[in-house]
Every structure is written in C-alpha cells, then in structure tokens.
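Chemist: Here's a structure for you.
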Amino acid sequence: MTSVSSSNNIALVALKKQSRHFKLQLPSFRFNHLKSRRFEGTLKHASYVKDVSAILTKSEIDFKDPNWKQRIQEDFSKQYSLPHLNDILDLKPRPTTFTPKSRGPLDEGNGELKDKGDGYVHDDDRALLKVLKFASPSSAGAECIDPDCSWVEQWVQRAGPRKEIYYEPVEVKAAIVTCGGLCPGLNDVIRQIVLTLEKYGVKNIVGIQYGFRGFCDQSLRELPLSHQVVQNINLAGGSLLGVSRGGPSVSAIVDSIKAKAIDMVFVLGGNGTHAGAYAIHNECRKRKMKVTIIGVPKTIDNDIQLMDKTFGFDTAVEEAQRAINSAYIEAHSAYHGIGIVKLMGRSCGFIAMHASLSSGQIDICLIPEVPFKLEGPNGVLQHLEHLIRTNGSAVICVAEGAGQEFLSKSNATDASGNAMLGDIGVYMQQQIKMHFKNIGLPADIKYIDPTYMVRACRANASDAILCTLLGQNAVHGAFAGFSGITTGVCNTHHVYLPIPEVIRFPKSVNPNSRMWHRCLTSTGQPDFQ
C-alpha cells in the first residue's frame, strides 16, 4: 500500500475512474458527476486509494434488454453487499452478549445473557434507499437511471444489533480515533461507542490521540476509556481524543494495530478519513487479520453521499443563526446597512442554504453549486443596489467555496490536500464597498465570519440523538463481523453502507432540487447569471 501525507486526501481520487458509473443518471446525478471534477485537482497528490479506484465500476446499460432493470438491481445488491470477516476467515458466531432489555450483568456464567428478548435486527433486513418516484427527468430534483425515469428498487442493509456476534467481548481491544477538523458531536459519538462496547462486555477500550498520527507517534500514548472517563464529555465541544489531518502510511498504521493487538477500530471522519479507513481495512484483509474497521460519518458540511444527514450539521445551522441575526441587526440599525455572513462549505452550500431558510433574514444566498455574476444587469451588485434603494438594508449569506472564480488561484494546499480557498467574504465586502462608492450611494458594510464558533460548540439535541444512534450502530456492526463499512441514516432509516459507495464524490446541493427552490423563494433573489 502506498503511503500518503494526508488522511483526507483519499476520498475522491477514485472519481476519475469511477465517474462513468453516473453518466446514465439524469439531472441531479449528472450535476454531481460534473461537480466532482472540480475536486480532482485538489486531490492529485493523494495516493491512499488505488484499491478504491478500481471498485465497482459499471458498464454501459443496454436499455433494449428487457431485463435491464433486474440486472441493475442485481448489480446494486452486489455493490452494496457488506465486507465481512468471514470473507477471509472461517469464524463461528456465538450468541450475543447484548440485549436492549438487560438492566444488569445477568448471565448464565458464560457471558450469554439469560433473557435476550426481542429487539434484534435480522441480517436480511433492508431499507429502501430512494422512495420518491419521479415521472419525468425534468421534475424538480429528479434522479433517474433511464430517460423514462423507471422505478428501480435499491435496498441497503439495516443497522442494529444481531443475535449472533463474531467476537468474545472479554477478549476484545477496541480503539476509537477522530480525524480531520472539529465538528459538534464528536464527544457524543465517542461516549456512546464506549458505553455500548461496555454493554457488550468489552473491558479494554482505548482512544488514539490526534487522528491517524496517534497510531505511530511514540509521543502519543493510548488513552484508556471507560464509562467513568466519558460520562460527561458530551457536555463540551471538541474531541476528547484530539483531531489532526494527515498521518503515516497505511502499512505503518496496520503494523501499529497489530502490535497494539487491536481488534476493532472506530474511525470518525469525513470523506477522506473514510477512504483512509477503507485502505486500512483492505490492508488488514490482505494480511488476514481479524480486525474490523468501522466508519462513523463526520462532516459539518453534510457532504457525504447517500446520507440524509451527518452529525454536526444541525448544530452548525443553529449556531449560524447567531451570526446571521447579528448581521441582520447591524444592517437594519445602520443607514443603508449591508451585513455579510460567510459560512462553512468548501464544495457544497448545505449550511448556507439551510441557515438562510431557517433564519428568514437573508436577502441573498450564494453557494458553490450555483454560479453567479457580480456585475451587469443580472448581477449580485445590481440586486443589492435595488434592495438598498427599496428596503434600506440587506443581508448576504455566502458559503466559503462560492465565487472562487473571482479570486486569484493558489496551488497551496492544507494538510489534507485541499486547495486553499480565497476569502470570498472579504472579496464581497470590498466589491460592494467599491460599487456603492462608484455610484455615489452611501453603504455601511459589516462582515462576520463565525467559522470556528460554528464548529467548536457542543452538539444540540438533534445532533446529540443522531450521534448516540450512530455510536451504538457502529459497535453493533463491529460485533456483527462487518468491516470496511460506515453507518448512517438513509431515507430516515439507520443503515450500513460499504465505504466505497459513500466516498465516490461529495454530496452537493442540486440547483434543480425543491430545497434550493424553497431557499430562492425565501430570499426572493433572482437568477444571478
């Protein structure tokens, strides 16, 4: 396995070789495919995933074949089958030590609970990935496989505890690692993983400090975890274990896992971190190690494919309201006041869109997925001038990745290999100030950037619930013997997904979707093109 300087580089290197899979899918999927190309340049230095790049490509579909729909469904089932320890090892399961109804360690003396009761998930349980039947490719947000938008069922495996498990809990050593940047809810997930592991009977639980680097950095010791240690960590933001970008080679990480006698690794992170986790999973399989690698999707931007929502997003939208409200008050308290709020969203505008919708105070929302003009009769500046003349004030919400074509490009990258973005907020502030000066119209402009406030706070109630369920399901998946998977919410149901399927490309806002149309209705902004 080739080494890499960053864990978060990994996610989308596979795009180039895999993108033909999406050519047959219409409006929104085609948009995502085109959108994915802008990320390839930022990931050209990544080399973690030569394994992932060859995964699950699909040949052209022959729609003249009367059985094409059945073939699609069969291919889909193969794509979404979950890697299991029994793929490489001949293991015998044992009755579970977990029960939802247990109030204490009441067992038969062999670790098997007396009353296992109900509440288990069958291995053949499935959840439907998509439920909306589109009548036409021109329908708002349509996702179609063929030009007629035929209905094709796509089922994914349900998450939850199984009646049989593939580990002896008392022999298990489990490790938890948090990678990438901070995100509300990290401590909630860590806490719930530890509590659920202990409910199975695991005694040896450790935290790997500061991301993947903690596996090999001799100065970073394993942090012993127990319910006493994690009991109240959810009351604070950040990560008990610390975070970092980058890390050692996959081979070195797996060497460390073997040396530390770790049986389960729970990896909390986004697209790049998940691709790193999958590379580690593949190396463990190559060595025929009985180690499960389970991902928990963490991205404040909500940009992981197939997921309804990722933890931290709701909190970010809620926290953004404080900044938007401040900008609104500043703008409405000044003569010809203009408030600008820049929110997170390197490649997608979910936070900006949802924050604009929820606040009801935004007049212009700008996101990376929707190009806009500043100058001219259909430009942002002319509309802003109209708002000032008619309303006396205006508030703008802009995602950090929007309008990058206006800024000077740099070849610089961060530790994750992501291209360093220019500050669109500062640029907008300068352009607006210059425009109003040129037309002789006074304007009082205030710029607010709450980036680190948004991501460093404690998870709100909605995210805390999601984190709790994700942490529990991650442990259930590990004991069920799955590896190279992640857990998340698809179509309101908690499911397990093979990692390659969620890291093909980042999820982004579809400009043809009903949600974006709702945002436009809320702001009242025109088409800036």
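Each chain in the structure tokens gets a letter, A, B and so on, in the order shown; residues start at 1 in every chain, and ligands are counted from 1 in the order they appear.
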Compile the contact shell of stretch 369-386 of chain A as a ChimeraX atom specification: residues with an atom at most 8 Å away, counting only C-alpha atoms, same-chain residues fewer than 5 positions apart removed.
Modeler: /A:35,347-349,394,402-403,432,435-436,508-511,525-529
Chemist: Give me, as CSV, the closest atom pair and its distance (Å, one decimal) for every residue of stretch 155-241 of chain A within a cut-off of 10 Å of stretch 254-277 of chain A, counting only C-alpha atoms, rows sorted by chain and rising number.
Modeler:
residue,atom,partner,partner_atom,distance
A:Tyr167,CA,A:Asp263,CA,8.9
A:Glu171,CA,A:Asp263,CA,8.9
A:Val172,CA,A:Asp263,CA,6.0
A:Lys173,CA,A:Ile262,CA,5.1
A:Ala174,CA,A:Met264,CA,4.6
A:Ala175,CA,A:Val265,CA,4.8
A:Ile176,CA,A:Phe266,CA,4.7
A:Val177,CA,A:Val267,CA,5.2
A:Thr178,CA,A:Leu268,CA,4.8
A:Cys179,CA,A:Gly269,CA,5.3
A:Gly180,CA,A:Gly269,CA,6.2
A:Gly181,CA,A:Gly269,CA,8.3
A:Leu182,CA,A:Gly269,CA,9.5
A:Cys183,CA,A:Gly269,CA,9.3
A:Leu186,CA,A:Leu268,CA,7.8
A:Val189,CA,A:Leu268,CA,8.4
A:Ile190,CA,A:Leu268,CA,8.8
A:Ile193,CA,A:Phe266,CA,8.4
A:Asn204,CA,A:Ile262,CA,9.5
A:Ile205,CA,A:Ile262,CA,9.3
A:Val206,CA,A:Ile262,CA,9.3
A:Gly207,CA,A:Phe266,CA,9.6
A:Ile208,CA,A:Val265,CA,9.5
A:Gly211,CA,A:Val267,CA,8.9
A:Phe212,CA,A:Thr273,CA,9.0
A:Gly214,CA,A:Ser256,CA,9.7
A:Phe215,CA,A:Ser256,CA,6.0
A:Cys216,CA,A:Ser256,CA,6.5
A:Glu222,CA,A:Lys260,CA,9.6
Chemist: Could you save the residues just selected, with N, CA and C atoms, as an mmCIF file, in the first residue's frame?
Modeler:
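Everything below was put into part33.cif:
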data_model
loop_
_atom_site.group_PDB
_atom_site.id
_atom_site.type_symbol
_atom_site.label_atom_id
_atom_site.label_comp_id
_atom_site.auth_asym_id
_atom_site.auth_seq_id
_atom_site.Cartn_x
_atom_site.Cartn_y
_atom_site.Cartn_z
ATOM 1 N N TYR A 167 -17.137 -11.965 17.994
ATOM 2 C CA TYR A 167 -16.042 -11.705 18.928
ATOM 3 C C TYR A 167 -16.457 -12.153 20.330
ATOM 4 N N GLU A 171 -12.374 -10.563 25.329
ATOM 5 C CA GLU A 171 -11.063 -10.648 24.681
ATOM 6 C C GLU A 171 -10.791 -9.478 23.743
ATOM 7 N N VAL A 172 -11.779 -8.622 23.554
ATOM 8 C CA VAL A 172 -11.687 -7.554 22.559
ATOM 9 C C VAL A 172 -10.920 -6.356 23.097
ATOM 10 N N LYS A 173 -10.051 -5.806 22.231
ATOM 11 C CA LYS A 173 -9.478 -4.489 22.471
ATOM 12 C C LYS A 173 -9.991 -3.578 21.355
ATOM 13 N N ALA A 174 -10.711 -2.521 21.736
ATOM 14 C CA ALA A 174 -11.309 -1.606 20.763
ATOM 15 C C ALA A 174 -10.625 -0.249 20.838
ATOM 16 N N ALA A 175 -10.463 0.387 19.675
ATOM 17 C CA ALA A 175 -9.823 1.704 19.601
ATOM 18 C C ALA A 175 -10.743 2.678 18.873
ATOM 19 N N ILE A 176 -10.715 3.921 19.316
ATOM 20 C CA ILE A 176 -11.504 4.989 18.699
ATOM 21 C C ILE A 176 -10.550 6.089 18.265
ATOM 22 N N VAL A 177 -10.759 6.636 17.057
ATOM 23 C CA VAL A 177 -9.896 7.699 16.553
ATOM 24 C C VAL A 177 -10.755 8.744 15.851
ATOM 25 N N THR A 178 -10.451 10.023 16.073
ATOM 26 C CA THR A 178 -11.174 11.122 15.435
ATOM 27 C C THR A 178 -10.216 11.880 14.530
ATOM 28 N N CYS A 179 -10.594 12.052 13.272
ATOM 29 C CA CYS A 179 -9.696 12.634 12.270
ATOM 30 C C CYS A 179 -10.326 13.867 11.626
ATOM 31 N N GLY A 180 -9.494 14.636 10.938
ATOM 32 C CA GLY A 180 -9.972 15.811 10.221
ATOM 33 C C GLY A 180 -10.080 17.018 11.129
ATOM 34 N N GLY A 181 -11.108 17.826 10.904
ATOM 35 C CA GLY A 181 -11.325 19.021 11.723
ATOM 36 C C GLY A 181 -12.342 18.757 12.813
ATOM 37 N N LEU A 182 -12.537 19.750 13.656
ATOM 38 C CA LEU A 182 -13.526 19.625 14.715
ATOM 39 C C LEU A 182 -14.933 19.658 14.136
ATOM 40 N N CYS A 183 -15.857 19.104 14.903
ATOM 41 C CA CYS A 183 -17.250 19.044 14.484
ATOM 42 C C CYS A 183 -18.099 18.833 15.730
ATOM 43 N N LEU A 186 -18.573 15.122 18.254
ATOM 44 C CA LEU A 186 -17.508 14.118 18.327
ATOM 45 C C LEU A 186 -17.490 13.430 19.690
ATOM 46 N N VAL A 189 -20.347 10.890 20.130
ATOM 47 C CA VAL A 189 -20.128 9.601 19.473
ATOM 48 C C VAL A 189 -19.124 8.764 20.263
ATOM 49 N N ILE A 190 -18.019 9.387 20.681
ATOM 50 C CA ILE A 190 -17.019 8.668 21.480
ATOM 51 C C ILE A 190 -17.683 8.067 22.716
ATOM 52 N N ILE A 193 -20.008 5.069 21.847
ATOM 53 C CA ILE A 193 -19.256 3.875 21.454
ATOM 54 C C ILE A 193 -18.732 3.164 22.695
ATOM 55 N N ASN A 204 -11.491 -3.543 27.505
ATOM 56 C CA ASN A 204 -10.265 -2.879 27.047
ATOM 57 C C ASN A 204 -10.596 -1.937 25.889
ATOM 58 N N ILE A 205 -10.798 -0.668 26.207
ATOM 59 C CA ILE A 205 -11.159 0.340 25.210
ATOM 60 C C ILE A 205 -10.149 1.480 25.303
ATOM 61 N N VAL A 206 -9.605 1.886 24.175
ATOM 62 C CA VAL A 206 -8.607 2.953 24.176
ATOM 63 C C VAL A 206 -8.953 4.003 23.127
ATOM 64 N N GLY A 207 -8.474 5.207 23.365
ATOM 65 C CA GLY A 207 -8.586 6.273 22.384
ATOM 66 C C GLY A 207 -7.234 6.530 21.748
ATOM 67 N N ILE A 208 -7.219 6.669 20.434
ATOM 68 C CA ILE A 208 -5.994 7.020 19.698
ATOM 69 C C ILE A 208 -5.985 8.541 19.567
ATOM 70 N N GLY A 211 -5.897 11.862 15.710
ATOM 71 C CA GLY A 211 -6.084 11.284 14.391
ATOM 72 C C GLY A 211 -5.186 10.093 14.104
ATOM 73 N N PHE A 212 -5.001 9.805 12.824
ATOM 74 C CA PHE A 212 -4.212 8.639 12.411
ATOM 75 C C PHE A 212 -2.759 8.716 12.889
ATOM 76 N N GLY A 214 -1.734 9.307 15.684
ATOM 77 C CA GLY A 214 -1.622 8.722 17.014
ATOM 78 C C GLY A 214 -1.274 7.247 17.013
ATOM 79 N N PHE A 215 -1.462 6.572 15.873
ATOM 80 C CA PHE A 215 -1.110 5.150 15.794
ATOM 81 C C PHE A 215 0.407 4.947 15.828
ATOM 82 N N CYS A 216 1.155 5.917 15.312
ATOM 83 C CA CYS A 216 2.593 5.706 15.119
ATOM 84 C C CYS A 216 3.480 6.707 15.840
ATOM 85 N N GLU A 222 -1.794 5.741 24.128
ATOM 86 C CA GLU A 222 -3.208 5.360 24.109
ATOM 87 C C GLU A 222 -3.900 5.915 25.359
#
Chemist: If you count only C-alpha atoms, which residues fall within 9 Å of A:Asp423, apart from same-chain ones fewer than 2 positions away, as an MDAnalysis selection string?
Modeler: chainID A and resid 342 400:401 404 407 421 425:428
Chemist: So that I can check the surroundings of A:Gln321, please list as a ChimeraX atom specification every protein, DNA and RNA residue that reaches within 8 Å of it, counting only C-alpha atoms and ignoring chain neighbours fewer than 5 positions away.
Modeler: /A:355,358-359
Chemist: Please, what distance in Å, to one decimal, runs between atom CA of A:Asp123 and atom CA of A:Asp308?
Modeler: 22.4 Å
Chemist: Using only C-alpha atoms for the distances, tell me which of A:Ile165, A:Ala459, A:Ala127, A:Val250 is nearest to A:Tyr278.
Modeler: A:Val250
Chemist: Extract, using only C-alpha atoms, all DNA, RNA and protein residues at most 6 Å from stretch 79-83 of chain A, discarding same-chain residues fewer than 3 positions from it, and format them as a list in words.
Modeler: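 Contacts, in chain order: Phe76, Phe482, Ser483 and Pro498 of chain A.
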Chemist: Convert the current residue selection to file output with N, CA, C and O atoms, as a PDB file, in the first residue's frame.
Modeler:
ATOM      1  N   PHE A  76     -26.651  -3.626  -8.116  1.00  0.00           N
ATOM      2  CA  PHE A  76     -26.725  -2.774  -6.928  1.00  0.00           C
ATOM      3  C   PHE A  76     -26.546  -3.605  -5.656  1.00  0.00           C
ATOM      4  O   PHE A  76     -25.825  -3.214  -4.744  1.00  0.00           O
ATOM      5  N   PHE A 482     -18.827  -7.136  10.462  1.00  0.00           N
ATOM      6  CA  PHE A 482     -18.632  -6.312   9.271  1.00  0.00           C
ATOM      7  C   PHE A 482     -17.369  -5.474   9.413  1.00  0.00           C
ATOM      8  O   PHE A 482     -16.945  -5.135  10.522  1.00  0.00           O
ATOM      9  N   SER A 483     -16.784  -5.117   8.286  1.00  0.00           N
ATOM     10  CA  SER A 483     -15.603  -4.261   8.281  1.00  0.00           C
ATOM     11  C   SER A 483     -15.564  -3.501   6.955  1.00  0.00           C
ATOM     12  O   SER A 483     -16.124  -3.954   5.948  1.00  0.00           O
ATOM     13  N   PRO A 498     -21.208   0.035   2.461  1.00  0.00           N
ATOM     14  CA  PRO A 498     -19.775  -0.148   2.183  1.00  0.00           C
ATOM     15  C   PRO A 498     -19.130   1.209   1.918  1.00  0.00           C
ATOM     16  O   PRO A 498     -19.700   2.050   1.215  1.00  0.00           O
TER      17      PRO A 498
END
Chemist: Find the distance between atom CA of A:Tyr452 and atom CA of A:Ser244 and write it in Å to one decimal.
Modeler: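 Result for atom CA of A:Tyr452 versus atom CA of A:Ser244: 15.2 Å, one decimal.
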Chemist: From a DSSP calculation on the backbone, collect every residue of stretch 361-481 of chain A in strand (DSSP E) and output the set as a PyMOL selection string.
Modeler: chain A and resi 364-366+393-399+444-448
Chemist: Output N, CA and C atoms for every residue in that selection, as a PDB file, in the first residue's frame.
Modeler:
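New file part.pdb:
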ATOM      1  N   ILE A 364     -29.861  37.455   0.129  1.00  0.00           N
ATOM      2  CA  ILE A 364     -29.080  36.835  -0.941  1.00  0.00           C
ATOM      3  C   ILE A 364     -28.299  35.667  -0.352  1.00  0.00           C
ATOM      4  N   CYS A 365     -28.451  34.485  -0.942  1.00  0.00           N
ATOM      5  CA  CYS A 365     -27.696  33.303  -0.525  1.00  0.00           C
ATOM      6  C   CYS A 365     -26.861  32.827  -1.706  1.00  0.00           C
ATOM      7  N   LEU A 366     -25.559  32.713  -1.501  1.00  0.00           N
ATOM      8  CA  LEU A 366     -24.637  32.323  -2.572  1.00  0.00           C
ATOM      9  C   LEU A 366     -23.926  31.037  -2.166  1.00  0.00           C
ATOM     10  N   SER A 393     -31.786  48.230   3.552  1.00  0.00           N
ATOM     11  CA  SER A 393     -30.748  47.357   4.126  1.00  0.00           C
ATOM     12  C   SER A 393     -30.805  46.001   3.429  1.00  0.00           C
ATOM     13  N   ALA A 394     -29.767  45.167   3.674  1.00  0.00           N
ATOM     14  CA  ALA A 394     -29.727  43.829   3.068  1.00  0.00           C
ATOM     15  C   ALA A 394     -28.757  42.951   3.848  1.00  0.00           C
ATOM     16  N   VAL A 395     -29.030  41.641   3.814  1.00  0.00           N
ATOM     17  CA  VAL A 395     -28.146  40.673   4.466  1.00  0.00           C
ATOM     18  C   VAL A 395     -27.793  39.590   3.459  1.00  0.00           C
ATOM     19  N   ILE A 396     -26.497  39.279   3.353  1.00  0.00           N
ATOM     20  CA  ILE A 396     -25.995  38.281   2.407  1.00  0.00           C
ATOM     21  C   ILE A 396     -25.391  37.114   3.180  1.00  0.00           C
ATOM     22  N   CYS A 397     -25.718  35.895   2.772  1.00  0.00           N
ATOM     23  CA  CYS A 397     -25.088  34.686   3.316  1.00  0.00           C
ATOM     24  C   CYS A 397     -24.326  34.013   2.180  1.00  0.00           C
ATOM     25  N   VAL A 398     -23.026  33.782   2.374  1.00  0.00           N
ATOM     26  CA  VAL A 398     -22.207  33.192   1.313  1.00  0.00           C
ATOM     27  C   VAL A 398     -21.416  32.015   1.871  1.00  0.00           C
ATOM     28  N   ALA A 399     -21.446  30.897   1.168  1.00  0.00           N
ATOM     29  CA  ALA A 399     -20.632  29.733   1.546  1.00  0.00           C
ATOM     30  C   ALA A 399     -19.184  29.993   1.158  1.00  0.00           C
ATOM     31  N   ASP A 444     -23.127  51.091   4.589  1.00  0.00           N
ATOM     32  CA  ASP A 444     -22.394  50.701   5.798  1.00  0.00           C
ATOM     33  C   ASP A 444     -22.320  49.174   5.812  1.00  0.00           C
ATOM     34  N   ILE A 445     -21.122  48.634   5.575  1.00  0.00           N
ATOM     35  CA  ILE A 445     -20.973  47.180   5.356  1.00  0.00           C
ATOM     36  C   ILE A 445     -20.290  46.529   6.547  1.00  0.00           C
ATOM     37  N   LYS A 446     -20.895  45.456   7.056  1.00  0.00           N
ATOM     38  CA  LYS A 446     -20.334  44.687   8.165  1.00  0.00           C
ATOM     39  C   LYS A 446     -20.152  43.238   7.717  1.00  0.00           C
ATOM     40  N   TYR A 447     -18.971  42.693   8.018  1.00  0.00           N
ATOM     41  CA  TYR A 447     -18.646  41.321   7.600  1.00  0.00           C
ATOM     42  C   TYR A 447     -18.405  40.448   8.831  1.00  0.00           C
ATOM     43  N   ILE A 448     -19.077  39.296   8.888  1.00  0.00           N
ATOM     44  CA  ILE A 448     -18.959  38.369  10.024  1.00  0.00           C
ATOM     45  C   ILE A 448     -18.549  36.994   9.513  1.00  0.00           C
TER      46      ILE A 448
END
Chemist: From the options A:Leu91, A:Met420, A:Gly488, A:Asn460, which residue's atoms come nearest to A:Pro297, counting only C-alpha atoms?
Modeler: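 Distance minimum relative to A:Pro297 lands on A:Gly488.
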Chemist: Between A:Thr99, A:Ser249, A:Thr196, A:Gln157, which has the minimum distance to A:Val475 (counting only C-alpha atoms)?
Modeler: A:Thr196
